[in-house]
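As provided, protein.cif (mmCIF, C-alpha atoms and all ligand atoms) reads as follows.
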data_query
#
loop_
_atom_site.group_PDB
_atom_site.id
_atom_site.type_symbol
_atom_site.label_atom_id
_atom_site.label_comp_id
_atom_site.auth_asym_id
_atom_site.auth_seq_id
_atom_site.Cartn_x
_atom_site.Cartn_y
_atom_site.Cartn_z
ATOM 1 C CA MET A 1267 10.652 -25.442 -21.846
ATOM 2 C CA ARG A 1268 11.962 -22.023 -20.761
ATOM 3 C CA ILE A 1269 9.062 -19.588 -20.943
ATOM 4 C CA ALA A 1270 9.329 -15.840 -20.241
ATOM 5 C CA ILE A 1271 6.941 -12.945 -20.357
ATOM 6 C CA CYS A 1272 7.831 -9.424 -21.443
ATOM 7 C CA PRO A 1273 5.175 -7.166 -19.910
ATOM 8 C CA GLY A 1274 4.648 -3.494 -20.705
ATOM 9 C CA SER A 1275 2.265 -0.809 -21.844
ATOM 10 C CA PHE A 1276 3.647 -0.647 -25.399
ATOM 11 C CA ASP A 1277 1.665 2.542 -26.102
ATOM 12 C CA PRO A 1278 2.968 2.235 -28.815
ATOM 13 C CA VAL A 1279 5.756 -0.289 -29.455
ATOM 14 C CA THR A 1280 9.121 1.359 -30.333
ATOM 15 C CA PHE A 1281 12.461 0.164 -31.701
ATOM 16 C CA GLY A 1282 13.658 0.144 -28.066
ATOM 17 C CA HIS A 1283 11.012 -2.459 -27.167
ATOM 18 C CA LEU A 1284 11.723 -4.476 -30.322
ATOM 19 C CA ASP A 1285 15.422 -4.635 -29.516
ATOM 20 C CA ILE A 1286 14.700 -6.036 -26.040
ATOM 21 C CA ILE A 1287 12.108 -8.495 -27.394
ATOM 22 C CA GLY A 1288 14.416 -9.703 -30.181
ATOM 23 C CA ARG A 1289 17.293 -10.288 -27.788
ATOM 24 C CA ALA A 1290 15.079 -11.972 -25.164
ATOM 25 C CA SER A 1291 13.649 -14.288 -27.843
ATOM 26 C CA LEU A 1292 17.158 -15.768 -28.213
ATOM 27 C CA LEU A 1293 17.393 -16.537 -24.498
ATOM 28 C CA PHE A 1294 14.055 -18.340 -24.030
ATOM 29 C CA ASP A 1295 12.194 -21.082 -25.872
ATOM 30 C CA ARG A 1296 8.955 -19.140 -25.767
ATOM 31 C CA LEU A 1297 8.504 -15.421 -25.131
ATOM 32 C CA ILE A 1298 5.090 -13.930 -24.431
ATOM 33 C CA VAL A 1299 4.899 -10.173 -25.001
ATOM 34 C CA ALA A 1300 2.110 -9.153 -22.643
ATOM 35 C CA VAL A 1301 0.291 -5.836 -22.954
ATOM 36 C CA THR A 1302 -0.891 -4.456 -19.618
ATOM 37 C CA ARG A 1303 -4.531 -3.441 -19.927
ATOM 38 C CA ASN A 1304 -4.906 -1.397 -16.778
ATOM 39 C CA GLN A 1305 -1.577 0.103 -15.813
ATOM 40 C CA ILE A 1306 -1.507 3.449 -17.576
ATOM 41 C CA LYS A 1307 -4.090 6.177 -17.459
ATOM 42 C CA ASN A 1308 -5.443 7.462 -20.761
ATOM 43 C CA PRO A 1309 -3.472 5.318 -23.191
ATOM 44 C CA LEU A 1310 -3.392 6.680 -26.741
ATOM 45 C CA PHE A 1311 -4.044 3.223 -28.194
ATOM 46 C CA SER A 1312 -6.536 0.712 -26.822
ATOM 47 C CA ALA A 1313 -5.132 -2.597 -25.557
ATOM 48 C CA GLU A 1314 -6.522 -4.252 -28.707
ATOM 49 C CA GLU A 1315 -4.728 -1.751 -30.959
ATOM 50 C CA ARG A 1316 -1.465 -2.205 -29.037
ATOM 51 C CA VAL A 1317 -1.732 -6.001 -29.333
ATOM 52 C CA GLU A 1318 -2.508 -5.729 -33.046
ATOM 53 C CA MET A 1319 0.533 -3.516 -33.732
ATOM 54 C CA LEU A 1320 2.812 -5.855 -31.766
ATOM 55 C CA LYS A 1321 1.488 -8.884 -33.656
ATOM 56 C CA ASP A 1322 2.160 -7.178 -36.974
ATOM 57 C CA VAL A 1323 5.717 -6.139 -36.174
ATOM 58 C CA LEU A 1324 6.626 -9.442 -34.489
ATOM 59 C CA GLU A 1325 5.140 -11.871 -36.995
ATOM 60 C CA THR A 1326 8.566 -13.078 -38.198
ATOM 61 C CA TYR A 1327 9.569 -14.358 -34.731
ATOM 62 C CA ASN A 1328 8.628 -18.043 -34.407
ATOM 63 C CA ASN A 1329 8.893 -18.231 -30.624
ATOM 64 C CA VAL A 1330 7.278 -14.885 -29.747
ATOM 65 C CA GLU A 1331 3.564 -14.452 -29.122
ATOM 66 C CA VAL A 1332 1.484 -11.464 -28.082
ATOM 67 C CA ASP A 1333 -1.193 -11.357 -25.424
ATOM 68 C CA SER A 1334 -2.739 -8.892 -22.966
ATOM 69 C CA PHE A 1335 -3.589 -9.180 -19.303
ATOM 70 C CA ASP A 1336 -5.245 -7.511 -16.335
ATOM 71 C CA GLY A 1337 -4.035 -7.691 -12.759
ATOM 72 C CA LEU A 1338 -0.696 -8.585 -11.230
ATOM 73 C CA THR A 1339 2.225 -9.402 -13.509
ATOM 74 C CA VAL A 1340 3.362 -12.292 -11.295
ATOM 75 C CA ASP A 1341 -0.099 -13.873 -11.394
ATOM 76 C CA TYR A 1342 -0.005 -13.682 -15.167
ATOM 77 C CA ALA A 1343 3.527 -15.140 -15.218
ATOM 78 C CA LEU A 1344 2.458 -18.060 -13.007
ATOM 79 C CA HIS A 1345 -0.655 -18.620 -15.113
ATOM 80 C CA LYS A 1346 1.560 -18.881 -18.224
ATOM 81 C CA LYS A 1347 4.083 -21.111 -16.389
ATOM 82 C CA ALA A 1348 6.784 -18.516 -17.078
ATOM 83 C CA LYS A 1349 10.075 -18.726 -15.208
ATOM 84 C CA ALA A 1350 11.082 -15.159 -15.962
ATOM 85 C CA ILE A 1351 9.845 -11.608 -16.408
ATOM 86 C CA VAL A 1352 11.961 -9.704 -18.934
ATOM 87 C CA ARG A 1353 12.356 -5.948 -18.522
ATOM 88 C CA GLY A 1354 14.522 -3.445 -20.356
ATOM 89 C CA LEU A 1355 16.717 -0.913 -18.580
ATOM 90 C CA ARG A 1356 17.408 2.411 -20.204
ATOM 91 C CA VAL A 1357 18.530 5.269 -18.059
ATOM 92 C CA VAL A 1358 19.568 5.263 -14.409
ATOM 93 C CA SER A 1359 16.170 6.681 -13.470
ATOM 94 C CA ASP A 1360 14.517 3.415 -14.647
ATOM 95 C CA PHE A 1361 16.506 1.528 -12.058
ATOM 96 C CA GLU A 1362 14.773 2.557 -8.841
ATOM 97 C CA ASN A 1363 11.312 1.700 -10.059
ATOM 98 C CA GLU A 1364 12.433 -1.545 -11.710
ATOM 99 C CA PHE A 1365 14.375 -2.568 -8.595
ATOM 100 C CA ARG A 1366 11.302 -2.000 -6.410
ATOM 101 C CA MET A 1367 9.072 -3.915 -8.814
ATOM 102 C CA ALA A 1368 11.483 -6.825 -9.108
ATOM 103 C CA LEU A 1369 11.780 -7.145 -5.321
ATOM 104 C CA THR A 1370 8.013 -6.950 -4.869
ATOM 105 C CA ASN A 1371 7.439 -9.568 -7.543
ATOM 106 C CA LYS A 1372 10.052 -11.832 -5.957
ATOM 107 C CA LYS A 1373 8.207 -11.516 -2.647
ATOM 108 C CA LEU A 1374 4.913 -12.445 -4.310
ATOM 109 C CA ALA A 1375 6.261 -15.314 -6.409
ATOM 110 C CA CYS A 1376 9.712 -16.480 -5.343
ATOM 111 C CA HIS A 1377 10.252 -18.836 -8.301
ATOM 112 C CA VAL A 1378 9.754 -16.175 -10.942
ATOM 113 C CA GLU A 1379 12.966 -14.313 -11.803
ATOM 114 C CA THR A 1380 13.129 -10.811 -13.237
ATOM 115 C CA VAL A 1381 15.704 -10.618 -16.018
ATOM 116 C CA PHE A 1382 16.974 -7.187 -17.081
ATOM 117 C CA LEU A 1383 18.405 -6.502 -20.497
ATOM 118 C CA MET A 1384 20.365 -3.305 -20.926
ATOM 119 C CA THR A 1385 19.236 -1.096 -23.775
ATOM 120 C CA ARG A 1386 21.454 -0.543 -26.778
ATOM 121 C CA GLY A 1387 23.082 2.901 -26.680
ATOM 122 C CA GLU A 1388 21.245 4.133 -29.751
ATOM 123 C CA TYR A 1389 17.853 3.262 -28.234
ATOM 124 C CA SER A 1390 18.477 4.479 -24.707
ATOM 125 C CA PHE A 1391 16.537 7.718 -25.213
ATOM 126 C CA ILE A 1392 13.468 6.172 -26.886
ATOM 127 C CA SER A 1393 10.268 5.919 -24.883
ATOM 128 C CA SER A 1394 6.642 5.630 -25.957
ATOM 129 C CA SER A 1395 5.911 9.036 -24.428
ATOM 130 C CA THR A 1396 8.720 10.748 -26.390
ATOM 131 C CA VAL A 1397 7.447 9.084 -29.540
ATOM 132 C CA LYS A 1398 3.894 10.345 -28.890
ATOM 133 C CA GLU A 1399 5.150 13.863 -28.257
ATOM 134 C CA ILE A 1400 7.135 13.887 -31.514
ATOM 135 C CA ALA A 1401 4.117 12.483 -33.384
ATOM 136 C CA PHE A 1402 1.867 15.131 -31.881
ATOM 137 C CA PHE A 1403 4.092 17.891 -33.248
ATOM 138 C CA GLY A 1404 4.490 16.179 -36.623
ATOM 139 C CA GLY A 1405 8.205 15.290 -36.282
ATOM 140 C CA SER A 1406 9.958 12.400 -38.018
ATOM 141 C CA LEU A 1407 9.516 9.014 -36.367
ATOM 142 C CA ARG A 1408 11.502 6.978 -38.864
ATOM 143 C CA SER A 1409 14.342 6.058 -36.517
ATOM 144 C CA LEU A 1410 12.074 5.464 -33.510
ATOM 145 C CA VAL A 1411 9.207 3.161 -34.541
ATOM 146 C CA PRO A 1412 8.428 0.720 -37.379
ATOM 147 C CA PRO A 1413 6.635 2.253 -40.420
ATOM 148 C CA LEU A 1414 3.308 0.639 -39.475
ATOM 149 C CA VAL A 1415 3.382 2.277 -36.031
ATOM 150 C CA GLU A 1416 4.351 5.609 -37.598
ATOM 151 C CA GLU A 1417 1.258 5.377 -39.822
ATOM 152 C CA LYS A 1418 -1.024 4.579 -36.857
ATOM 153 C CA LEU A 1419 0.399 7.496 -34.865
ATOM 154 C CA LYS A 1420 -0.128 9.926 -37.744
ATOM 155 C CA HIS A 1421 -3.672 8.670 -38.130
ATOM 156 C CA LYS A 1422 -4.428 9.066 -34.416
ATOM 157 C CA TYR A 1423 -3.168 12.597 -34.147
ATOM 158 C CA LYS A 1424 -4.856 13.700 -37.350
ATOM 159 C CA TYR A 1425 -8.213 12.886 -35.835
ATOM 160 C CA LEU A 1426 -7.552 14.032 -32.281
ATOM 161 C CA PRO A 1427 -9.069 17.423 -31.496
ATOM 162 C CA GLN A 1428 -6.282 19.959 -30.841
ATOM 163 C CA SER A 1429 -6.716 21.692 -27.510
HETATM 164 P P1 LIG B 1 5.869 0.028 -18.645
HETATM 165 O O1 LIG B 1 4.756 1.026 -18.682
HETATM 166 O O2 LIG B 1 5.549 -1.251 -17.962
HETATM 167 O O3 LIG B 1 7.222 0.610 -18.236
HETATM 168 P P2 LIG B 1 6.741 0.200 -21.358
HETATM 169 O O4 LIG B 1 5.911 -0.091 -22.539
HETATM 170 O O5 LIG B 1 7.116 1.643 -21.142
HETATM 171 O O6 LIG B 1 5.996 -0.422 -20.147
HETATM 172 O O7 LIG B 1 8.066 -0.666 -21.413
HETATM 173 C C1 LIG B 1 8.044 -2.066 -21.423
HETATM 174 C C2 LIG B 1 9.446 -2.566 -21.165
HETATM 175 O O8 LIG B 1 10.301 -2.157 -22.214
HETATM 176 C C3 LIG B 1 10.054 -1.993 -19.893
HETATM 177 O O9 LIG B 1 10.854 -2.971 -19.303
HETATM 178 C C4 LIG B 1 10.895 -0.856 -20.377
HETATM 179 O O10 LIG B 1 11.980 -0.562 -19.499
HETATM 180 C C5 LIG B 1 11.388 -1.432 -21.682
HETATM 181 N N1 LIG B 1 11.756 -0.384 -22.617
HETATM 182 C C6 LIG B 1 11.000 0.622 -23.099
HETATM 183 N N2 LIG B 1 11.702 1.397 -23.940
HETATM 184 C C7 LIG B 1 12.956 0.863 -23.981
HETATM 185 C C8 LIG B 1 14.183 1.215 -24.650
HETATM 186 N N3 LIG B 1 14.259 2.287 -25.441
HETATM 187 N N4 LIG B 1 15.261 0.420 -24.452
HETATM 188 C C9 LIG B 1 15.180 -0.666 -23.636
HETATM 189 N N5 LIG B 1 14.069 -1.039 -22.959
HETATM 190 C C10 LIG B 1 12.980 -0.288 -23.143
#
As a first step, turn the structure in this file into structure tokens.
Amino acid sequence: MRIAICPGSFDPVTFGHLDIIGRASLLFDRLIVAVTRNQIKNPLFSAEERVEMLKDVLETYNNVEVDSFDGLTVDYALHKKAKAIVRGLRVVSDFENEFRMALTNKKLACHVETVFLMTRGEYSFISSSTVKEIAFFGGSLRSLVPPLVEEKLKHKYKYLPQS
């Protein structure tokens, strides 16, 4: 069975992520979307909230599951018996960091491949941080995140103290 993981912060999940996940789900028998618990400082959503949102928006995919993990991505991949780590590439500036990570991961676990999927043009500008900034200022999120995520973002910012 071809198993892959798709790791990321997903703070929160966007249409850009969902595009990559949907396309990767066609390439592997089983795809594990894995929320990193410890890799970003001050996430807006807790790891549990991020997992919950992903589960909701991915429930129609039979071969996709959602999990979270601490520690090194390659250790998690090996633990799950995954052959591949799927990452999305957006802009050229993603490349340097992704290249470095892929080479490091290859050094740590030579049998785990990193597979890059190129973003779709219309999603190339979407990132979780842009989405949070737009939500903070009350802009429209309709073309960027699923309705459920839009609701959660509105709820978060309504109750956050404005500084
Ligand atoms: P990380 O903090 O690990 O970069 P992210 O949640 O930002 O996690 O992203 C997870 C994965 O999804 C990464 O491979 C990232 O490049 C990819 N990704 C994020 N947004 C997009 C997008 N708009 N199009 C394609 N890939 C994307």
Please write as a PDB file with C-alpha atoms, keeping the file's coordinate frame the full residue list that the PyMOL selection byres (((chain A and resi 1326-1333) around 8) and not hetatm) yields on this file.
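Saved as expr15.pdb:
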ATOM      1  CA  SER A1291      13.649 -14.288 -27.843  1.00  0.00           C
ATOM      2  CA  ASP A1295      12.194 -21.082 -25.872  1.00  0.00           C
ATOM      3  CA  ARG A1296       8.955 -19.140 -25.767  1.00  0.00           C
ATOM      4  CA  LEU A1297       8.504 -15.421 -25.131  1.00  0.00           C
ATOM      5  CA  ILE A1298       5.090 -13.930 -24.431  1.00  0.00           C
ATOM      6  CA  VAL A1299       4.899 -10.173 -25.001  1.00  0.00           C
ATOM      7  CA  ALA A1300       2.110  -9.153 -22.643  1.00  0.00           C
ATOM      8  CA  VAL A1301       0.291  -5.836 -22.954  1.00  0.00           C
ATOM      9  CA  VAL A1317      -1.732  -6.001 -29.333  1.00  0.00           C
ATOM     10  CA  LEU A1320       2.812  -5.855 -31.766  1.00  0.00           C
ATOM     11  CA  LYS A1321       1.488  -8.884 -33.656  1.00  0.00           C
ATOM     12  CA  VAL A1323       5.717  -6.139 -36.174  1.00  0.00           C
ATOM     13  CA  LEU A1324       6.626  -9.442 -34.489  1.00  0.00           C
ATOM     14  CA  GLU A1325       5.140 -11.871 -36.995  1.00  0.00           C
ATOM     15  CA  SER A1334      -2.739  -8.892 -22.966  1.00  0.00           C
ATOM     16  CA  PHE A1335      -3.589  -9.180 -19.303  1.00  0.00           C
TER      17      PHE A1335
END
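Across the structure, atom CA of A:Pro1413 and atom CA of A:Ile1400 are spaced 14.7 Å apart.
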What do you get, as a list of chain:residue names, if you spell out every residue that the PyMOL selection byres (((chain A and resi 1344) around 12) and not hetatm) selects here?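 Applied to this file, the PyMOL selection byres (((chain A and resi 1344) around 12) and not hetatm) selects A:Ile1269, A:Ala1270, A:Ile1271, A:Leu1338, A:Thr1339, A:Val1340, A:Asp1341, A:Tyr1342, A:Ala1343, A:His1345, A:Lys1346, A:Lys1347, A:Ala1348, A:Lys1349, A:Ala1350, A:Ile1351, A:Asn1371, A:Leu1374, A:Ala1375, A:Cys1376, A:His1377, A:Val1378, A:Glu1379.
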In Å, how far is it from atom CA of A:Val1397 to atom CA of A:Phe1361?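 Those two atoms sit 21.1 Å apart.
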Neighbours of ligand LIG 1 (chain B) within 8 Å, counting all atoms listed in the file, as a PDB file with C-alpha atoms, keeping the file's coordinate frame?
ATOM      1  CA  CYS A1272       7.831  -9.424 -21.443  1.00  0.00           C
ATOM      2  CA  PRO A1273       5.175  -7.166 -19.910  1.00  0.00           C
ATOM      3  CA  GLY A1274       4.648  -3.494 -20.705  1.00  0.00           C
ATOM      4  CA  SER A1275       2.265  -0.809 -21.844  1.00  0.00           C
ATOM      5  CA  PHE A1276       3.647  -0.647 -25.399  1.00  0.00           C
ATOM      6  CA  ASP A1277       1.665   2.542 -26.102  1.00  0.00           C
ATOM      7  CA  PRO A1278       2.968   2.235 -28.815  1.00  0.00           C
ATOM      8  CA  VAL A1279       5.756  -0.289 -29.455  1.00  0.00           C
ATOM      9  CA  THR A1280       9.121   1.359 -30.333  1.00  0.00           C
ATOM     10  CA  PHE A1281      12.461   0.164 -31.701  1.00  0.00           C
ATOM     11  CA  GLY A1282      13.658   0.144 -28.066  1.00  0.00           C
ATOM     12  CA  HIS A1283      11.012  -2.459 -27.167  1.00  0.00           C
ATOM     13  CA  ASP A1285      15.422  -4.635 -29.516  1.00  0.00           C
ATOM     14  CA  ILE A1286      14.700  -6.036 -26.040  1.00  0.00           C
ATOM     15  CA  THR A1302      -0.891  -4.456 -19.618  1.00  0.00           C
ATOM     16  CA  GLN A1305      -1.577   0.103 -15.813  1.00  0.00           C
ATOM     17  CA  ILE A1306      -1.507   3.449 -17.576  1.00  0.00           C
ATOM     18  CA  VAL A1352      11.961  -9.704 -18.934  1.00  0.00           C
ATOM     19  CA  ARG A1353      12.356  -5.948 -18.522  1.00  0.00           C
ATOM     20  CA  GLY A1354      14.522  -3.445 -20.356  1.00  0.00           C
ATOM     21  CA  LEU A1355      16.717  -0.913 -18.580  1.00  0.00           C
ATOM     22  CA  ARG A1356      17.408   2.411 -20.204  1.00  0.00           C
ATOM     23  CA  ASP A1360      14.517   3.415 -14.647  1.00  0.00           C
ATOM     24  CA  GLU A1364      12.433  -1.545 -11.710  1.00  0.00           C
ATOM     25  CA  PHE A1382      16.974  -7.187 -17.081  1.00  0.00           C
ATOM     26  CA  LEU A1383      18.405  -6.502 -20.497  1.00  0.00           C
ATOM     27  CA  MET A1384      20.365  -3.305 -20.926  1.00  0.00           C
ATOM     28  CA  THR A1385      19.236  -1.096 -23.775  1.00  0.00           C
ATOM     29  CA  ARG A1386      21.454  -0.543 -26.778  1.00  0.00           C
ATOM     30  CA  TYR A1389      17.853   3.262 -28.234  1.00  0.00           C
ATOM     31  CA  SER A1390      18.477   4.479 -24.707  1.00  0.00           C
ATOM     32  CA  PHE A1391      16.537   7.718 -25.213  1.00  0.00           C
ATOM     33  CA  ILE A1392      13.468   6.172 -26.886  1.00  0.00           C
ATOM     34  CA  SER A1393      10.268   5.919 -24.883  1.00  0.00           C
ATOM     35  CA  SER A1394       6.642   5.630 -25.957  1.00  0.00           C
TER      36      SER A1394
END
Between atom CA of A:Lys1420 and atom CA of A:Ala1401, what is the distance, to one decimal in Å? 6.6 Å
Using the chain letters and numbers from the file, which residues does the PyMOL selection byres (((chain A and resi 1416) around 10) and not hetatm) grab, as a compact mmCIF listing (two decimals) with C-alpha atoms, in the coordinates of the input?
# COMPACT_ATOMS: atom_id res chain seq x y z
CA PRO A 1278 2.97 2.24 -28.82
CA THR A 1280 9.12 1.36 -30.33
CA VAL A 1397 7.45 9.08 -29.54
CA LYS A 1398 3.89 10.34 -28.89
CA ALA A 1401 4.12 12.48 -33.38
CA SER A 1406 9.96 12.40 -38.02
CA LEU A 1407 9.52 9.01 -36.37
CA ARG A 1408 11.50 6.98 -38.86
CA LEU A 1410 12.07 5.46 -33.51
CA VAL A 1411 9.21 3.16 -34.54
CA PRO A 1412 8.43 0.72 -37.38
CA PRO A 1413 6.64 2.25 -40.42
CA LEU A 1414 3.31 0.64 -39.48
CA VAL A 1415 3.38 2.28 -36.03
CA GLU A 1417 1.26 5.38 -39.82
CA LYS A 1418 -1.02 4.58 -36.86
CA LEU A 1419 0.40 7.50 -34.86
CA LYS A 1420 -0.13 9.93 -37.74
CA HIS A 1421 -3.67 8.67 -38.13
CA LYS A 1422 -4.43 9.07 -34.42
Which is closer to A:Gly1387 than all the others in A:Val1357, A:Asp1322, A:Arg1366, A:Met1267, using all atoms listed in the file?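 Going through A:Val1357, A:Asp1322, A:Arg1366, A:Met1267 one by one, the smallest distance to A:Gly1387 is for A:Val1357.
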Top pick for closest residue to A:Asp1336, considering A:Arg1303, A:Glu1318, A:Ser1312, A:Lys1424 and counting all atoms listed in the file: A:Arg1303
In terms of the shortest atom-to-atom distance over all atoms listed in the file, which of A:Asn1304, A:Glu1388, A:Glu1315, A:Ile1287 is closest to A:Ser1409?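 So, comparing all the options, the nearest one is A:Glu1388.
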Please enclose the listed atoms of stretch 1299-1306 of chain A in an axis-aligned box, pad each side by 5 Å, and write out the centre and the three edge lengths in Å, rounded to one decimal, as AutoDock Vina command-line options.
--center_x 0.0 --center_y -3.4 --center_z -20.4 --size_x 19.8 --size_y 23.6 --size_z 19.2
Quick one: stretch 1367-1387 of chain A with N, CA, C and O atoms, as an mmCIF file, in the frame of the given file?
data_model
loop_
_atom_site.group_PDB
_atom_site.id
_atom_site.type_symbol
_atom_site.label_atom_id
_atom_site.label_comp_id
_atom_site.auth_asym_id
_atom_site.auth_seq_id
_atom_site.Cartn_x
_atom_site.Cartn_y
_atom_site.Cartn_z
ATOM 1 N N MET A 1367 10.024 -2.962 -8.235
ATOM 2 C CA MET A 1367 9.072 -3.915 -8.814
ATOM 3 C C MET A 1367 9.598 -5.345 -8.769
ATOM 4 O O MET A 1367 8.868 -6.283 -8.449
ATOM 5 N N ALA A 1368 10.890 -5.482 -9.086
ATOM 6 C CA ALA A 1368 11.483 -6.825 -9.108
ATOM 7 C C ALA A 1368 11.469 -7.443 -7.708
ATOM 8 O O ALA A 1368 11.146 -8.627 -7.537
ATOM 9 N N LEU A 1369 11.779 -6.626 -6.694
ATOM 10 C CA LEU A 1369 11.780 -7.145 -5.321
ATOM 11 C C LEU A 1369 10.364 -7.508 -4.867
ATOM 12 O O LEU A 1369 10.147 -8.535 -4.217
ATOM 13 N N THR A 1370 9.413 -6.673 -5.234
ATOM 14 C CA THR A 1370 8.013 -6.950 -4.869
ATOM 15 C C THR A 1370 7.546 -8.241 -5.537
ATOM 16 O O THR A 1370 6.936 -9.110 -4.896
ATOM 17 N N ASN A 1371 7.868 -8.366 -6.819
ATOM 18 C CA ASN A 1371 7.439 -9.568 -7.543
ATOM 19 C C ASN A 1371 8.085 -10.826 -6.974
ATOM 20 O O ASN A 1371 7.458 -11.884 -6.905
ATOM 21 N N LYS A 1372 9.339 -10.691 -6.544
ATOM 22 C CA LYS A 1372 10.052 -11.832 -5.957
ATOM 23 C C LYS A 1372 9.370 -12.262 -4.647
ATOM 24 O O LYS A 1372 9.273 -13.437 -4.322
ATOM 25 N N LYS A 1373 8.907 -11.253 -3.903
ATOM 26 C CA LYS A 1373 8.207 -11.516 -2.647
ATOM 27 C C LYS A 1373 6.895 -12.270 -2.918
ATOM 28 O O LYS A 1373 6.513 -13.189 -2.198
ATOM 29 N N LEU A 1374 6.220 -11.856 -3.996
ATOM 30 C CA LEU A 1374 4.913 -12.445 -4.310
ATOM 31 C C LEU A 1374 5.035 -13.828 -4.945
ATOM 32 O O LEU A 1374 4.170 -14.679 -4.744
ATOM 33 N N ALA A 1375 6.079 -14.017 -5.721
ATOM 34 C CA ALA A 1375 6.261 -15.314 -6.409
ATOM 35 C C ALA A 1375 7.750 -15.605 -6.484
ATOM 36 O O ALA A 1375 8.436 -15.157 -7.401
ATOM 37 N N CYS A 1376 8.254 -16.360 -5.493
ATOM 38 C CA CYS A 1376 9.712 -16.480 -5.343
ATOM 39 C C CYS A 1376 10.381 -17.289 -6.463
ATOM 40 O O CYS A 1376 11.594 -17.224 -6.623
ATOM 41 N N HIS A 1377 9.617 -18.053 -7.240
ATOM 42 C CA HIS A 1377 10.252 -18.836 -8.301
ATOM 43 C C HIS A 1377 10.302 -18.119 -9.642
ATOM 44 O O HIS A 1377 10.832 -18.663 -10.612
ATOM 45 N N VAL A 1378 9.717 -16.936 -9.684
ATOM 46 C CA VAL A 1378 9.754 -16.175 -10.942
ATOM 47 C C VAL A 1378 10.882 -15.141 -10.858
ATOM 48 O O VAL A 1378 10.898 -14.316 -9.960
ATOM 49 N N GLU A 1379 11.832 -15.250 -11.799
ATOM 50 C CA GLU A 1379 12.966 -14.313 -11.803
ATOM 51 C C GLU A 1379 12.667 -13.122 -12.702
ATOM 52 O O GLU A 1379 12.045 -13.282 -13.751
ATOM 53 N N THR A 1380 13.178 -11.948 -12.307
ATOM 54 C CA THR A 1380 13.129 -10.811 -13.237
ATOM 55 C C THR A 1380 14.487 -10.722 -13.914
ATOM 56 O O THR A 1380 15.523 -10.736 -13.252
ATOM 57 N N VAL A 1381 14.467 -10.686 -15.236
ATOM 58 C CA VAL A 1381 15.704 -10.618 -16.018
ATOM 59 C C VAL A 1381 15.751 -9.254 -16.694
ATOM 60 O O VAL A 1381 14.818 -8.874 -17.405
ATOM 61 N N PHE A 1382 16.844 -8.511 -16.473
ATOM 62 C CA PHE A 1382 16.974 -7.187 -17.081
ATOM 63 C C PHE A 1382 17.928 -7.240 -18.261
ATOM 64 O O PHE A 1382 19.023 -7.788 -18.154
ATOM 65 N N LEU A 1383 17.501 -6.666 -19.359
ATOM 66 C CA LEU A 1383 18.405 -6.502 -20.497
ATOM 67 C C LEU A 1383 18.692 -5.014 -20.653
ATOM 68 O O LEU A 1383 17.771 -4.195 -20.630
ATOM 69 N N MET A 1384 19.961 -4.702 -20.793
ATOM 70 C CA MET A 1384 20.365 -3.305 -20.926
ATOM 71 C C MET A 1384 20.089 -2.833 -22.343
ATOM 72 O O MET A 1384 20.368 -3.551 -23.305
ATOM 73 N N THR A 1385 19.529 -1.645 -22.443
ATOM 74 C CA THR A 1385 19.236 -1.096 -23.775
ATOM 75 C C THR A 1385 20.514 -0.927 -24.596
ATOM 76 O O THR A 1385 21.600 -0.816 -24.044
ATOM 77 N N ARG A 1386 20.339 -0.913 -25.899
ATOM 78 C CA ARG A 1386 21.454 -0.543 -26.778
ATOM 79 C C ARG A 1386 21.600 0.973 -26.716
ATOM 80 O O ARG A 1386 20.587 1.678 -26.640
ATOM 81 N N GLY A 1387 22.826 1.453 -26.777
ATOM 82 C CA GLY A 1387 23.082 2.901 -26.680
ATOM 83 C C GLY A 1387 22.167 3.732 -27.562
ATOM 84 O O GLY A 1387 21.573 4.714 -27.117
#
